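One structure is given here, and the rest of the page talks about it.
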Amino acid sequence: MRHAGRLAVLGLLLATLSLPLRADLRPKGPVTPVEINELGQVIVKVRLSSKKPGVADRDFRFIFDTGATYCVVDDSVPADFFWEEPAQAGGGATVTTDATQKKVPTRIVSLKRLQIGGMVREDLMAYRMNLKGTMLGHLQDDPVDGILGMNALRGTRFVLDPIARDIRWWQDIPGFQLPLAMSGSPYLTVKVGKTDVSCMLDTGASGGFQMPGSASPSEHPKPFLFAGASGQIVQGETIQVDQLTAGGKGWPKVPLDLFKPGEGSATLGQDVLCAAPLGLDFIGKTLTFTLDAQGHLPYRHSPRRAPLIWDRRPTGTCLRVWAVPPGSRWAKAGLQQGDEVLAIGSLSGQALTMRAAQALSGRETPLPWRIRRKGTDRVLDVPGPAGSGR
């Protein structure tokens, strides 16, 4: 649920056609198609049942999020599909924490019946909140209806394949296997220099490696910003590291986002987990990476996301400039938080979406941004990323 933004294509076909093909005798489970949204998050359709006569089952769009301990449902999901906690003083009211460790008010409900991948979960605990009204909702063109968390995924085994855009249940893949620790969410130990860091596997988080720490001036840190559902903004530092390792294999030449202790948790995000097909076994507690062509652990170098947010009001909806990272190309162009974005290059009107703006902003050529600030229209030229990843 963070905003800090960053696909390597890997074929799994046999390259030597002269070798005889052997039948795969392993059982094949159901396949769930997935959507990749503008934040890079994996979106799945889950079916909720009401158990009430005459109320039909419905499909809802949920984020597939191994970093969420519990499922979440938006306030827009009809009450027919869950049971509320008993109405009493404060009944059902609680708080949860977002990626920046900020408390977010929520309520506890129980989903009556949830189905995905041929599996059924009944009486499943979930948080209910105005999810579409949180920062997460403002960062999506089409806000999701919920989050599929680990209390629904625990006890499963599957292949998450962002290339094929599917989840293959009860299957595995060949590759480099590592042990997982399980504590609400799955964790993998990553070695940073001589230090072992326990990192949560968070398929709901953009970016790659995030850890607590500080950089020295000799490491030439660059500022980055990220936020949680609460809207709390945290500024950290990004450094380039020669190598991070896990189980003796490495990720060479990757960015590492550092934040102050207490302002986040050590995580592996989508640039690690969605760079290639990934096997996750929450029964045997293992993770299987598909290595890249050089035999390294997979990583995708995604450009920083454009600092945009949807401003949805009764009077209308528009894109606005959000928190601008200091020293970034957007800051150098003169964009300021709160600017209304009227056009980016050739994009305007209904064509001006978060996804389209991000794709266009990833090009190397400068782009004119037409913005409105305090009632005055102006055009600012934003340079391309020029390989900086910013």
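Residue numbers start at 1 in each chain; chains themselves are named A, B, ... in the order of the structure tokens; ligands are numbered from 1 in the order shown.
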
If we count only C-alpha atoms and set the cut-off at 12 Å, which residues sit around A:His296, ignoring sequence neighbours fewer than 6 positions away in its own chain? Please answer as a PyMOL selection string. chain A and resi 175-176+243-254+272+275-276+289-290

Contact check, stretch 88-166 of chain A to stretch 312-317 of chain A, at most 12 Å, counting only C-alpha atoms, closest pairs as a Markdown table:
```
| residue | atom | partner | partner_atom | distance |
| --- | --- | --- | --- | --- |
| A:Lys132 | CA | A:Arg312 | CA | 10.4 |
| A:Gly133 | CA | A:Arg312 | CA | 9.1 |
| A:Thr134 | CA | A:Arg312 | CA | 11.5 |
| A:Met135 | CA | A:Arg312 | CA | 11.7 |
| A:Gly137 | CA | A:Arg312 | CA | 10.0 |
| A:His138 | CA | A:Arg312 | CA | 7.9 |
| A:Leu139 | CA | A:Arg312 | CA | 11.0 |
| A:Gln140 | CA | A:Arg312 | CA | 11.4 |
| A:Asp141 | CA | A:Arg312 | CA | 10.9 |
| A:Asp142 | CA | A:Arg312 | CA | 11.9 |
| A:Pro143 | CA | A:Arg312 | CA | 11.6 |
```

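Non-sequential neighbours of A:Ile167 (distance at most 9 Å, separation of 3 or more positions within a chain, only C-alpha atoms) are A:Pro30, A:Val31, A:Thr32, A:Pro33, A:Val34, A:Gly117, A:Phe158, A:Val159, A:Leu160, A:Asp161, A:Pro162, A:Ala164.
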
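The space between atom CA of A:Lys103 and atom CA of A:Asp145 spans 20.7 Å.
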
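For the atom pair formed by atom CA of A:Phe209 and atom CA of A:Val321, the distance is 25.3 Å, given to one decimal.
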
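Distances from A:Val234, A:Met354, A:Met129, A:Ala215 to A:Gly92 were compared using only C-alpha atoms, and the smallest one belongs to A:Met129.
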
I want to know what sits within 8 Å of stretch 59-70 of chain A, based on only C-alpha atoms, with residues of the same chain fewer than 6 positions away left out; could you give that as number ranges by chain? A: 41-48, 125-127, 144-153, 184-186, 200-205

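Running DSSP on the backbone gives helix (DSSP H, G or I) for these residues within stretch 232-378 of chain A: Gln270, Asp271, Val272, Leu273, Arg329, Trp330, Ala331, Lys332, Ala333, Gly349, Gln350, Ala351, Met354, Arg355, Ala356, Ala357, Gln358, Ala359, Leu360 and Ser361 of chain A.
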
List as a PDB file with N, CA and C atoms, in the first residue's frame the protein and nucleic acid residues near stretch 216-222 of chain A, meaning an atom at most 8 Å away when only C-alpha atoms are counted, but skip any in the same chain fewer than 4 places from it.
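part.pdb, written as the output of this step:
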```
ATOM      1  N   GLU A 237      16.075   7.332   2.017  1.00  0.00           N
ATOM      2  CA  GLU A 237      17.200   7.483   1.106  1.00  0.00           C
ATOM      3  C   GLU A 237      17.376   6.214   0.289  1.00  0.00           C
ATOM      4  N   THR A 238      17.656   6.377  -0.988  1.00  0.00           N
ATOM      5  CA  THR A 238      17.941   5.247  -1.865  1.00  0.00           C
ATOM      6  C   THR A 238      19.427   5.222  -2.190  1.00  0.00           C
ATOM      7  N   ILE A 239      20.032   4.050  -2.026  1.00  0.00           N
ATOM      8  CA  ILE A 239      21.422   3.867  -2.420  1.00  0.00           C
ATOM      9  C   ILE A 239      21.511   2.705  -3.391  1.00  0.00           C
ATOM     10  N   GLN A 240      22.567   2.675  -4.165  1.00  0.00           N
ATOM     11  CA  GLN A 240      22.829   1.564  -5.075  1.00  0.00           C
ATOM     12  C   GLN A 240      23.811   0.618  -4.388  1.00  0.00           C
ATOM     13  N   GLY A 327      14.720  16.862  -5.315  1.00  0.00           N
ATOM     14  CA  GLY A 327      15.793  16.547  -6.252  1.00  0.00           C
ATOM     15  C   GLY A 327      15.374  15.716  -7.440  1.00  0.00           C
TER      16      GLY A 327
END
```

So that I can see what lies close to A:Phe82, please list as a VMD selection string the residues with an atom at most 7 Å from it, counting only C-alpha atoms and leaving out residues fewer than 4 positions away in the same chain. chain A and resid 109 to 112

Can you spit out the residues from that selection as a compact mmCIF listing (two decimals), in the first residue's frame, using N, CA, C and O atoms?
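Saved the output as part-v4.txt:
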```
# COMPACT_ATOMS: atom_id res chain seq x y z
N VAL A 109 -15.13 -7.47 10.72
CA VAL A 109 -16.31 -8.18 10.24
C VAL A 109 -15.90 -9.62 9.92
O VAL A 109 -14.72 -9.97 9.99
N SER A 110 -16.87 -10.44 9.58
CA SER A 110 -16.61 -11.82 9.19
C SER A 110 -17.24 -12.07 7.83
O SER A 110 -18.47 -11.97 7.69
N LEU A 111 -16.40 -12.33 6.81
CA LEU A 111 -16.94 -12.63 5.49
C LEU A 111 -17.66 -13.97 5.54
O LEU A 111 -17.11 -14.97 6.01
N LYS A 112 -18.89 -14.00 5.04
CA LYS A 112 -19.69 -15.22 5.16
C LYS A 112 -19.10 -16.37 4.35
O LYS A 112 -18.95 -17.49 4.85
```

Quick one: of A:Leu258, A:Val192, A:Val95, A:Cys318, who's nearest to A:Gly213, counting only C-alpha atoms? A:Leu258

Which residues are near stretch 367-376 of chain A? Cut-off 7 Å, only C-alpha atoms, ignore same chain within fewer than 2 positions. Put them as an MDAnalysis selection string. chainID A and resid 339:345 365 378:383

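Taking atom CA of A:Pro223 and atom CA of A:Ser328 as the two end points, the separation is 8.3 Å.
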
Please identify which residues in stretch 81-309 of chain A DSSP calls strand (DSSP E) from the backbone, and express them as a ChimeraX atom specification. /A:82-84,93-97,103-116,119-129,146-148,157-161,166-169,176-179,181-183,185-192,195-201,209-212,222-227,233-246,249-259,267-268,278-281,286-289,308-309

Nearest to A:Leu319, chosen from A:Val72, A:Leu291, A:Ala333, A:Ala357, with only C-alpha atoms counted in the distances: A:Ala357

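If only C-alpha atoms are the atoms counted, then among A:Thr195, A:Asn130, A:Ser302, A:Gln350 the closest residue to A:Thr106 is A:Asn130.
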